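Participant: Quick one, model-v3.pdb (PDB, C-alpha atoms, pLDDT in the B column):
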```pdb
ATOM      1  CA  MET A 671      -1.065  -2.607  19.556  1.00 84.00           C
ATOM      2  CA  ASP A 672      -4.721  -3.558  19.325  1.00 87.00           C
ATOM      3  CA  PRO A 673      -5.606  -5.381  16.107  1.00 91.00           C
ATOM      4  CA  VAL A 674      -7.259  -3.393  13.343  1.00 95.00           C
ATOM      5  CA  ALA A 675     -10.812  -4.677  12.933  1.00 96.00           C
ATOM      6  CA  PRO A 676     -11.407  -6.797   9.795  1.00 96.00           C
ATOM      7  CA  ASN A 677     -14.302  -4.561   8.711  1.00 97.00           C
ATOM      8  CA  VAL A 678     -11.927  -1.562   8.731  1.00 98.00           C
ATOM      9  CA  LEU A 679      -9.465  -3.353   6.466  1.00 98.00           C
ATOM     10  CA  GLU A 680     -12.311  -4.516   4.212  1.00 98.00           C
ATOM     11  CA  ALA A 681     -13.644  -0.969   3.847  1.00 98.00           C
ATOM     12  CA  LEU A 682     -10.164   0.373   3.067  1.00 98.00           C
ATOM     13  CA  ALA A 683      -9.768  -2.332   0.418  1.00 97.00           C
ATOM     14  CA  ARG A 684     -12.810  -0.884  -1.369  1.00 96.00           C
ATOM     15  CA  ALA A 685     -11.181   2.544  -1.660  1.00 98.00           C
ATOM     16  CA  SER A 686      -8.509   3.707  -4.076  1.00 98.00           C
ATOM     17  CA  THR A 687      -5.279   5.342  -2.935  1.00 98.00           C
ATOM     18  CA  ALA A 688      -6.570   8.565  -4.518  1.00 98.00           C
ATOM     19  CA  THR A 689      -9.713   8.470  -2.385  1.00 98.00           C
ATOM     20  CA  ILE A 690      -7.748   7.698   0.778  1.00 98.00           C
ATOM     21  CA  THR A 691      -5.335  10.580   0.189  1.00 98.00           C
ATOM     22  CA  THR A 692      -8.364  12.886  -0.052  1.00 98.00           C
ATOM     23  CA  GLN A 693      -9.749  11.591   3.231  1.00 98.00           C
ATOM     24  CA  LEU A 694      -6.378  12.151   4.892  1.00 98.00           C
ATOM     25  CA  PHE A 695      -6.023  15.599   3.321  1.00 98.00           C
ATOM     26  CA  GLN A 696      -9.377  16.577   4.839  1.00 98.00           C
ATOM     27  CA  ARG A 697      -7.878  15.704   8.222  1.00 98.00           C
ATOM     28  CA  GLY A 698      -4.758  17.778   7.663  1.00 98.00           C
ATOM     29  CA  PHE A 699      -2.398  15.091   6.319  1.00 98.00           C
ATOM     30  CA  ARG A 700      -0.766  16.231   3.066  1.00 98.00           C
ATOM     31  CA  ASN A 701       2.228  13.896   2.743  1.00 98.00           C
ATOM     32  CA  THR A 702       0.940  10.324   2.716  1.00 98.00           C
ATOM     33  CA  PHE A 703       1.458   9.030  -0.850  1.00 98.00           C
ATOM     34  CA  LEU A 704       4.746   7.338  -1.796  1.00 98.00           C
ATOM     35  CA  ASN A 705       5.567   9.283  -4.935  1.00 98.00           C
ATOM     36  CA  GLY A 706       7.711   7.382  -7.434  1.00 98.00           C
ATOM     37  CA  VAL A 707       6.993   3.964  -5.905  1.00 98.00           C
ATOM     38  CA  ARG A 708       5.126   1.797  -8.430  1.00 98.00           C
ATOM     39  CA  PRO A 709       3.923  -1.811  -8.595  1.00 98.00           C
ATOM     40  CA  LEU A 710       6.250  -4.231 -10.355  1.00 98.00           C
ATOM     41  CA  ASN A 711       3.184  -6.239 -11.387  1.00 97.00           C
ATOM     42  CA  PRO A 712       0.133  -3.998 -11.933  1.00 96.00           C
ATOM     43  CA  GLU A 713      -1.987  -7.157 -12.322  1.00 96.00           C
ATOM     44  CA  ALA A 714      -1.285  -8.185  -8.705  1.00 96.00           C
ATOM     45  CA  CYS A 715      -0.840  -5.018  -6.733  1.00 97.00           C
ATOM     46  CA  ARG A 716      -3.891  -4.386  -4.545  1.00 98.00           C
ATOM     47  CA  PHE A 717      -3.305  -4.870  -0.837  1.00 98.00           C
ATOM     48  CA  VAL A 718      -4.096  -3.599   2.650  1.00 98.00           C
ATOM     49  CA  GLY A 719      -1.807  -4.336   5.582  1.00 98.00           C
ATOM     50  CA  GLU A 720       0.108  -3.045   8.561  1.00 98.00           C
ATOM     51  CA  ALA A 721       3.698  -1.906   8.357  1.00 98.00           C
ATOM     52  CA  VAL A 722       6.785  -3.787   9.479  1.00 98.00           C
ATOM     53  CA  THR A 723       9.729  -1.501   8.767  1.00 98.00           C
ATOM     54  CA  LEU A 724      13.366  -1.984   7.780  1.00 98.00           C
ATOM     55  CA  ARG A 725      15.795   0.947   7.851  1.00 98.00           C
ATOM     56  CA  SER A 726      19.043   1.075   5.904  1.00 98.00           C
ATOM     57  CA  ILE A 727      21.977   3.475   5.919  1.00 98.00           C
ATOM     58  CA  PRO A 728      24.757   3.793   3.321  1.00 98.00           C
ATOM     59  CA  ALA A 729      26.980   0.706   3.058  1.00 98.00           C
ATOM     60  CA  ARG A 730      30.488   0.534   4.490  1.00 97.00           C
ATOM     61  CA  GLU A 731      33.098  -1.602   2.780  1.00 96.00           C
ATOM     62  CA  ASP A 732      34.497  -3.353   5.880  1.00 97.00           C
ATOM     63  CA  LEU A 733      31.028  -4.441   7.066  1.00 96.00           C
ATOM     64  CA  ASP A 734      28.996  -5.062   3.953  1.00 97.00           C
ATOM     65  CA  VAL A 735      30.576  -8.171   2.512  1.00 97.00           C
ATOM     66  CA  VAL A 736      28.824 -11.259   1.148  1.00 96.00           C
ATOM     67  CA  SER A 737      29.602 -13.278   4.283  1.00 96.00           C
ATOM     68  CA  ALA A 738      27.447 -10.832   6.292  1.00 95.00           C
ATOM     69  CA  PHE A 739      24.382 -12.649   5.003  1.00 95.00           C
ATOM     70  CA  ALA A 740      25.505 -15.841   6.788  1.00 93.00           C
ATOM     71  CA  ASP A 741      24.499 -14.194  10.059  1.00 93.00           C
ATOM     72  CA  PRO A 742      20.892 -15.272  10.784  1.00 88.00           C
ATOM     73  CA  ASN A 743      20.433 -12.024  12.685  1.00 93.00           C
ATOM     74  CA  HIS A 744      21.309  -9.857   9.691  1.00 96.00           C
ATOM     75  CA  PRO A 745      18.563  -7.188   9.759  1.00 97.00           C
ATOM     76  CA  GLN A 746      17.549  -7.677   6.130  1.00 97.00           C
ATOM     77  CA  ARG A 747      17.122 -11.435   6.589  1.00 96.00           C
ATOM     78  CA  ASN A 748      15.544 -10.918  10.002  1.00 96.00           C
ATOM     79  CA  ALA A 749      12.982  -8.542   8.543  1.00 97.00           C
ATOM     80  CA  ILE A 750      11.909 -11.112   5.965  1.00 97.00           C
ATOM     81  CA  GLU A 751      11.582 -13.738   8.704  1.00 96.00           C
ATOM     82  CA  SER A 752       9.629 -11.297  10.876  1.00 95.00           C
ATOM     83  CA  VAL A 753       6.920 -10.170   8.459  1.00 97.00           C
ATOM     84  CA  GLY A 754       3.764 -12.228   8.902  1.00 96.00           C
ATOM     85  CA  PRO A 755       0.218 -12.635   7.611  1.00 97.00           C
ATOM     86  CA  GLY A 756      -1.431  -9.347   6.710  1.00 97.00           C
ATOM     87  CA  GLN A 757       1.760  -7.336   7.210  1.00 98.00           C
ATOM     88  CA  VAL A 758       3.674  -5.164   4.751  1.00 98.00           C
ATOM     89  CA  LEU A 759       7.461  -4.994   4.789  1.00 98.00           C
ATOM     90  CA  VAL A 760       8.370  -1.329   4.218  1.00 98.00           C
ATOM     91  CA  MET A 761      11.997  -0.763   3.247  1.00 98.00           C
ATOM     92  CA  ASP A 762      13.637   2.608   3.764  1.00 98.00           C
ATOM     93  CA  CYS A 763      16.434   2.734   1.181  1.00 98.00           C
ATOM     94  CA  ARG A 764      16.800   6.515   1.159  1.00 98.00           C
ATOM     95  CA  GLY A 765      15.570   6.540  -2.440  1.00 98.00           C
ATOM     96  CA  ASP A 766      18.918   5.164  -3.608  1.00 98.00           C
ATOM     97  CA  LEU A 767      18.453   3.022  -6.727  1.00 98.00           C
ATOM     98  CA  ARG A 768      22.097   2.109  -7.363  1.00 98.00           C
ATOM     99  CA  ALA A 769      21.653  -1.353  -5.826  1.00 98.00           C
ATOM    100  CA  ALA A 770      18.806  -3.722  -5.064  1.00 98.00           C
ATOM    101  CA  ASN A 771      17.293  -4.028  -1.595  1.00 96.00           C
ATOM    102  CA  GLY A 772      16.090  -7.566  -2.287  1.00 96.00           C
ATOM    103  CA  GLY A 773      15.320 -10.056  -4.995  1.00 98.00           C
ATOM    104  CA  GLY A 774      13.258 -13.032  -6.006  1.00 98.00           C
ATOM    105  CA  ILE A 775      14.214 -15.402  -3.195  1.00 98.00           C
ATOM    106  CA  LEU A 776      13.518 -12.919  -0.389  1.00 98.00           C
ATOM    107  CA  THR A 777      10.277 -11.875  -2.067  1.00 98.00           C
ATOM    108  CA  THR A 778       9.166 -15.497  -2.348  1.00 98.00           C
ATOM    109  CA  ARG A 779       9.938 -16.077   1.330  1.00 98.00           C
ATOM    110  CA  ALA A 780       7.845 -13.070   2.355  1.00 98.00           C
ATOM    111  CA  MET A 781       5.010 -14.306   0.166  1.00 98.00           C
ATOM    112  CA  THR A 782       5.095 -17.807   1.660  1.00 98.00           C
ATOM    113  CA  ARG A 783       4.995 -16.273   5.145  1.00 98.00           C
ATOM    114  CA  GLY A 784       1.670 -14.692   4.227  1.00 98.00           C
ATOM    115  CA  ALA A 785       2.851 -11.102   3.913  1.00 98.00           C
ATOM    116  CA  ALA A 786       0.432  -8.692   2.278  1.00 98.00           C
ATOM    117  CA  ALA A 787       3.109  -6.878   0.248  1.00 98.00           C
ATOM    118  CA  ILE A 788       6.635  -5.483   0.102  1.00 98.00           C
ATOM    119  CA  VAL A 789       7.104  -1.737  -0.405  1.00 98.00           C
ATOM    120  CA  SER A 790      10.424   0.004  -1.000  1.00 98.00           C
ATOM    121  CA  ASP A 791      11.714   3.367  -2.161  1.00 98.00           C
ATOM    122  CA  GLY A 792      14.730   1.490  -3.515  1.00 98.00           C
ATOM    123  CA  ALA A 793      15.229  -1.034  -6.295  1.00 98.00           C
ATOM    124  CA  PHE A 794      14.747  -4.784  -6.743  1.00 98.00           C
ATOM    125  CA  ARG A 795      16.870  -7.309  -8.577  1.00 98.00           C
ATOM    126  CA  ASP A 796      15.181 -10.265 -10.309  1.00 98.00           C
ATOM    127  CA  SER A 797      12.500  -7.715 -11.140  1.00 97.00           C
ATOM    128  CA  PRO A 798      11.268  -9.509 -14.298  1.00 97.00           C
ATOM    129  CA  GLU A 799      10.597 -12.659 -12.251  1.00 98.00           C
ATOM    130  CA  ILE A 800       8.978 -10.680  -9.438  1.00 98.00           C
ATOM    131  CA  ALA A 801       6.783  -8.913 -11.991  1.00 97.00           C
ATOM    132  CA  ARG A 802       5.347 -12.312 -12.919  1.00 97.00           C
ATOM    133  CA  MET A 803       4.501 -13.204  -9.312  1.00 97.00           C
ATOM    134  CA  SER A 804       0.977 -12.905  -7.914  1.00 97.00           C
ATOM    135  CA  PHE A 805       2.287 -10.894  -4.981  1.00 98.00           C
ATOM    136  CA  PRO A 806       2.274  -7.099  -4.514  1.00 98.00           C
ATOM    137  CA  VAL A 807       5.770  -5.626  -4.693  1.00 98.00           C
ATOM    138  CA  PHE A 808       6.220  -1.861  -5.045  1.00 98.00           C
ATOM    139  CA  ALA A 809       9.555  -0.210  -5.768  1.00 98.00           C
ATOM    140  CA  ALA A 810      11.104   2.910  -7.230  1.00 98.00           C
ATOM    141  CA  GLY A 811      13.254   1.050  -9.731  1.00 98.00           C
ATOM    142  CA  ALA A 812      15.254  -2.030 -10.694  1.00 98.00           C
ATOM    143  CA  SER A 813      18.925  -2.855 -10.232  1.00 98.00           C
ATOM    144  CA  ALA A 814      20.927  -6.041 -10.678  1.00 98.00           C
ATOM    145  CA  THR A 815      23.564  -4.882  -8.163  1.00 98.00           C
ATOM    146  CA  ILE A 816      23.668  -6.695  -4.804  1.00 97.00           C
ATOM    147  CA  SER A 817      22.270  -4.676  -1.892  1.00 97.00           C
ATOM    148  CA  LEU A 818      25.554  -4.773   0.056  1.00 97.00           C
ATOM    149  CA  ALA A 819      27.146  -2.456  -2.494  1.00 98.00           C
ATOM    150  CA  VAL A 820      24.961   0.453  -1.361  1.00 98.00           C
ATOM    151  CA  HIS A 821      22.732  -0.480   1.594  1.00 98.00           C
ATOM    152  CA  HIS A 822      23.572  -1.377   5.182  1.00 98.00           C
ATOM    153  CA  ALA A 823      20.420  -2.668   6.919  1.00 98.00           C
ATOM    154  CA  VAL A 824      20.394  -1.572  10.560  1.00 97.00           C
ATOM    155  CA  ASP A 825      16.965  -1.485  12.225  1.00 96.00           C
ATOM    156  CA  ILE A 826      13.680  -3.371  12.184  1.00 97.00           C
ATOM    157  CA  ASN A 827      10.377  -1.903  13.350  1.00 97.00           C
ATOM    158  CA  VAL A 828      11.502   1.660  13.921  1.00 98.00           C
ATOM    159  CA  PRO A 829      10.010   4.788  12.320  1.00 98.00           C
ATOM    160  CA  VAL A 830      11.377   5.190   8.801  1.00 98.00           C
ATOM    161  CA  GLY A 831      11.064   7.481   5.815  1.00 98.00           C
ATOM    162  CA  CYS A 832       9.945   5.803   2.595  1.00 98.00           C
ATOM    163  CA  ALA A 833       9.793   7.983  -0.530  1.00 98.00           C
ATOM    164  CA  GLY A 834       9.734  11.012   1.740  1.00 98.00           C
ATOM    165  CA  VAL A 835       6.793   9.791   3.836  1.00 98.00           C
ATOM    166  CA  ALA A 836       7.012   8.916   7.529  1.00 98.00           C
ATOM    167  CA  VAL A 837       6.053   5.299   8.210  1.00 98.00           C
ATOM    168  CA  PHE A 838       5.677   4.029  11.755  1.00 98.00           C
ATOM    169  CA  PRO A 839       5.469   0.322  12.648  1.00 98.00           C
ATOM    170  CA  GLY A 840       1.812  -0.676  12.606  1.00 98.00           C
ATOM    171  CA  ASP A 841       0.676   2.075  10.236  1.00 98.00           C
ATOM    172  CA  ILE A 842      -1.801   0.842   7.647  1.00 98.00           C
ATOM    173  CA  LEU A 843      -0.733   0.843   4.006  1.00 98.00           C
ATOM    174  CA  VAL A 844      -3.027   0.510   1.009  1.00 98.00           C
ATOM    175  CA  GLY A 845      -1.738  -0.207  -2.482  1.00 98.00           C
ATOM    176  CA  ASP A 846      -3.301  -0.201  -5.928  1.00 98.00           C
ATOM    177  CA  GLU A 847      -2.309   0.382  -9.556  1.00 98.00           C
ATOM    178  CA  GLU A 848      -1.446   4.016  -8.796  1.00 98.00           C
ATOM    179  CA  GLY A 849       0.848   3.391  -5.844  1.00 98.00           C
ATOM    180  CA  VAL A 850       0.851   3.240  -2.047  1.00 98.00           C
ATOM    181  CA  VAL A 851      -0.666   5.458   0.634  1.00 98.00           C
ATOM    182  CA  VAL A 852       0.259   5.415   4.328  1.00 98.00           C
ATOM    183  CA  ILE A 853      -2.520   5.785   6.915  1.00 98.00           C
ATOM    184  CA  PRO A 854      -1.516   6.633  10.484  1.00 98.00           C
ATOM    185  CA  ARG A 855      -2.802   3.644  12.449  1.00 98.00           C
ATOM    186  CA  HIS A 856      -5.014   5.698  14.762  1.00 97.00           C
ATOM    187  CA  LEU A 857      -6.882   7.110  11.737  1.00 98.00           C
ATOM    188  CA  ALA A 858      -7.581   3.822   9.951  1.00 98.00           C
ATOM    189  CA  ALA A 859     -10.946   3.182  11.591  1.00 98.00           C
ATOM    190  CA  GLU A 860     -11.964   6.832  11.273  1.00 98.00           C
ATOM    191  CA  ILE A 861     -11.477   7.066   7.518  1.00 98.00           C
ATOM    192  CA  ALA A 862     -12.361   3.520   6.422  1.00 98.00           C
ATOM    193  CA  GLU A 863     -16.117   3.867   5.916  1.00 97.00           C
ATOM    194  CA  PRO A 864     -15.964   7.470   4.646  1.00 98.00           C
ATOM    195  CA  ALA A 865     -13.356   6.347   2.086  1.00 98.00           C
ATOM    196  CA  ALA A 866     -15.479   3.420   0.926  1.00 97.00           C
ATOM    197  CA  GLU A 867     -18.527   5.703   0.721  1.00 96.00           C
ATOM    198  CA  GLN A 868     -16.573   8.330  -1.245  1.00 97.00           C
ATOM    199  CA  GLU A 869     -15.461   5.623  -3.654  1.00 96.00           C
ATOM    200  CA  ALA A 870     -19.063   4.530  -4.269  1.00 95.00           C
ATOM    201  CA  PHE A 871     -20.276   8.132  -4.599  1.00 96.00           C
ATOM    202  CA  GLU A 872     -17.579   9.046  -7.105  1.00 96.00           C
ATOM    203  CA  ALA A 873     -18.404   5.953  -9.169  1.00 95.00           C
ATOM    204  CA  PHE A 874     -21.966   7.315  -9.359  1.00 96.00           C
ATOM    205  CA  ILE A 875     -20.668  10.764 -10.319  1.00 97.00           C
ATOM    206  CA  LEU A 876     -18.471   9.263 -13.019  1.00 97.00           C
ATOM    207  CA  LYS A 877     -21.487   7.559 -14.587  1.00 96.00           C
ATOM    208  CA  LYS A 878     -23.298  10.889 -14.696  1.00 96.00           C
ATOM    209  CA  ILE A 879     -20.299  12.619 -16.312  1.00 97.00           C
ATOM    210  CA  GLU A 880     -20.016   9.790 -18.845  1.00 97.00           C
ATOM    211  CA  GLY A 881     -23.701  10.355 -19.585  1.00 97.00           C
ATOM    212  CA  GLY A 882     -23.079  14.004 -20.446  1.00 97.00           C
ATOM    213  CA  ALA A 883     -23.720  15.780 -17.132  1.00 97.00           C
ATOM    214  CA  PRO A 884     -21.800  19.085 -16.730  1.00 97.00           C
ATOM    215  CA  LEU A 885     -19.305  19.625 -13.924  1.00 97.00           C
ATOM    216  CA  PRO A 886     -21.291  22.429 -12.224  1.00 97.00           C
ATOM    217  CA  GLY A 887     -23.691  20.832  -9.793  1.00 97.00           C
ATOM    218  CA  THR A 888     -22.260  17.360 -10.453  1.00 97.00           C
ATOM    219  CA  TYR A 889     -18.643  17.593  -9.377  1.00 97.00           C
ATOM    220  CA  PRO A 890     -18.666  18.892  -6.735  1.00 95.00           C
ATOM    221  CA  ALA A 891     -22.207  17.673  -6.195  1.00 97.00           C
ATOM    222  CA  ASN A 892     -25.040  20.011  -5.267  1.00 97.00           C
ATOM    223  CA  ASP A 893     -27.990  19.034  -3.074  1.00 97.00           C
ATOM    224  CA  ALA A 894     -30.006  17.711  -6.012  1.00 96.00           C
ATOM    225  CA  THR A 895     -27.186  15.406  -7.139  1.00 97.00           C
ATOM    226  CA  ARG A 896     -26.657  14.167  -3.602  1.00 96.00           C
ATOM    227  CA  ALA A 897     -30.378  13.439  -3.248  1.00 96.00           C
ATOM    228  CA  GLU A 898     -30.281  11.563  -6.553  1.00 96.00           C
ATOM    229  CA  TYR A 899     -27.354   9.510  -5.230  1.00 95.00           C
ATOM    230  CA  GLU A 900     -29.219   8.615  -2.035  1.00 94.00           C
ATOM    231  CA  THR A 901     -32.141   7.357  -4.118  1.00 93.00           C
ATOM    232  CA  TYR A 902     -29.769   5.398  -6.343  1.00 92.00           C
ATOM    233  CA  LYS A 903     -28.038   3.883  -3.306  1.00 89.00           C
ATOM    234  CA  THR A 904     -31.342   2.811  -1.758  1.00 89.00           C
ATOM    235  CA  GLU A 905     -32.385   1.173  -5.019  1.00 85.00           C
ATOM    236  CA  GLN A 906     -29.055  -0.633  -5.248  1.00 83.00           C
ATOM    237  CA  MET A 907     -29.343  -1.946  -1.690  1.00 71.00           C
ATOM    238  CA  THR A 908     -32.891  -3.141  -2.339  1.00 70.00           C
ATOM    239  CA  SER A 909     -31.771  -4.891  -5.524  1.00 67.00           C
ATOM    240  CA  GLU A 910     -28.898  -6.598  -3.710  1.00 61.00           C
ATOM    241  CA  ARG A 911     -31.186  -7.799  -0.896  1.00 60.00           C
ATOM    242  CA  GLU A 912     -33.631  -9.221  -3.436  1.00 57.00           C
ATOM    243  CA  ALA A 913     -30.831 -10.989  -5.281  1.00 58.00           C
ATOM    244  CA  TYR A 914     -29.578 -12.473  -1.992  1.00 54.00           C
ATOM    245  CA  ARG A 915     -33.066 -13.723  -1.080  1.00 57.00           C
ATOM    246  CA  PHE A 916     -33.406 -15.302  -4.531  1.00 59.00           C
ATOM    247  CA  GLU A 917     -30.078 -17.105  -4.170  1.00 64.00           C
ATOM    248  CA  GLN A 918     -31.135 -18.472  -0.782  1.00 59.00           C
TER     249      GLN A 918
END
```
Just give me the structure of the file as structure tokens.

Facilitator:
Amino acid sequence: MDPVAPNVLEALARASTATITTQLFQRGFRNTFLNGVRPLNPEACRFVGEAVTLRSIPAREDLDVVSAFADPNHPQRNAIESVGPGQVLVMDCRGDLRAANGGGILTTRAMTRGAAAIVSDGAFRDSPEIARMSFPVFAAGASATISLAVHHAVDINVPVGCAGVAVFPGDILVGDEEGVVVIPRHLAAEIAEPAAEQEAFEAFILKKIEGGAPLPGTYPANDATRAEYETYKTEQMTSEREAYRFEQ
């Protein structure tokens, strides 16, 4: 896969998950937000990165024993050792919250490897400790029970379903305080700048609404409001250029 350009990732980082879902909806994609998956630490939850996936099936008693983790090729351990800088480990746990899919040690290892985030539709153990980490971890719940009781990790970097959303290896995920959205990789560059522009435009609209403007003609915007925004944007750009020149 060709790398995603840094300016694309930077533009996506300026957009909220709500804005990105709108951009995807306008292109016919209706199922892109991981409903029920929330940040364990809302103070450290914003990220952009490409997906590395881990798929699990229901556990089986003769295979899922504690000694299974001694195998360095165990898929769960292998996934943690595979995720790298700027990547997001996406865990497909079938939405089953009866046992954890990881804990504090695995999370710390992913963080030290430079991962952008971990996202799961399952549960985490050591969740209070993880919630104090400056690392984005999103999950559907918490459970103290060891993963082997419920989950049998089988595949790395295959298409998975996470919270009912298809995630393919290399897809781009964006997370914020509201949750996580999945962007098909081939659409990332197409929606990045429109999403950042929509974010800026809606911030302008919000200021007008806060100032007492009515919804009609403001949201959605009519031609007059859009013209006002263009003037505002030009003034902002001029102000920023002047500030930059002054600092130089």

Participant: Hey, which of A:Val852, A:Val835, A:Val707, A:Met761 ends up closest to Thr691 (chain A)? Count all atoms listed in the file.

Facilitator: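 Looking only at the distances to Thr691 (chain A), the closest residue turns out to be A:Val852.
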
Participant: Pull the closest atom pair for each residue of region 843-912 of chain A that gets at most 12 Å from region 784-806 of chain A, along with the distance in Å to one decimal, counting all atoms listed in the file, ordering rows by chain and then ascending residue number, as JSON lines.

Facilitator:
```
{"residue": "A:Leu843", "atom": "CA", "partner": "A:Val789", "partner_atom": "CA", "distance": 9.4}
{"residue": "A:Val844", "atom": "CA", "partner": "A:Ala787", "partner_atom": "CA", "distance": 9.6}
{"residue": "A:Gly845", "atom": "CA", "partner": "A:Pro806", "partner_atom": "CA", "distance": 8.2}
{"residue": "A:Asp846", "atom": "CA", "partner": "A:Pro806", "partner_atom": "CA", "distance": 9.0}
{"residue": "A:Glu847", "atom": "CA", "partner": "A:Pro806", "partner_atom": "CA", "distance": 10.1}
{"residue": "A:Gly849", "atom": "CA", "partner": "A:Val789", "partner_atom": "CA", "distance": 9.7}
{"residue": "A:Val850", "atom": "CA", "partner": "A:Val789", "partner_atom": "CA", "distance": 8.2}
{"residue": "A:Val851", "atom": "CA", "partner": "A:Val789", "partner_atom": "CA", "distance": 10.6}
{"residue": "A:Val852", "atom": "CA", "partner": "A:Val789", "partner_atom": "CA", "distance": 11.0}
```

Participant: By how many Å are CA of Gly706 (chain A) and CA of Thr687 (chain A) apart?

Facilitator: 13.9 Å

Participant: Using only C-alpha atoms, which residues sit within 6 Å of Ser817 (chain A) once same-chain residues fewer than 4 positions away are excluded, as a VMD selection string?

Facilitator: chain A and resid 769 to 771 821

Participant: Mind pulling up the distance from CA of Val824 (chain A) to CA of Arg747 (chain A)?

Facilitator: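 According to the coordinates, CA of Arg747 (chain A) and CA of Val824 (chain A) are separated by 11.1 Å.
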
Participant: Give me the residues near Arg764 (chain A) as a list in words, where near means some atom within 8 Å (using all atoms listed in the file) and where sequence neighbours in that chain fewer than 4 positions away do not count.

Facilitator: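 Listed by chain and then number, they are Ser726, Ile727, Asp791, Gly792, Gly831, Cys832 and Ala833 of chain A.
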
Participant: Looking at only C-alpha atoms, which of A:Val758, A:Leu682, A:Ala894, A:Ile861 is the one that sits closest to Ala721 (chain A)?

Facilitator: A:Val758

Participant: Just checking: using all atoms listed in the file, which residue out of A:Ile816, A:Ala897, A:Ala809, A:Ile879 ends up closest to Arg708 (chain A)?

Facilitator: A:Ala809

Participant: Since I can't run it myself right now, could you work out what the PyMOL selection byres ((chain A and resi 779) around 12) selects here and report it as a list in words?

Facilitator: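 When the PyMOL selection byres ((chain A and resi 779) around 12) is applied to the shown file, the picked residues are Arg747, Asn748, Ala749, Ile750, Glu751, Ser752, Val753, Gly754, Leu759, Gly772, Gly773, Gly774, Ile775, Leu776, Thr777, Thr778, Ala780, Met781, Thr782, Arg783, Gly784, Ala785, Ala787, Ile788 and Phe805 of chain A.
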
Participant: Using all atoms listed in the file, which of the listed residues (A:Thr702, A:Gln906, A:Asn827, A:Gln696) sits closest to Ala870 (chain A)?

Facilitator: A:Gln906
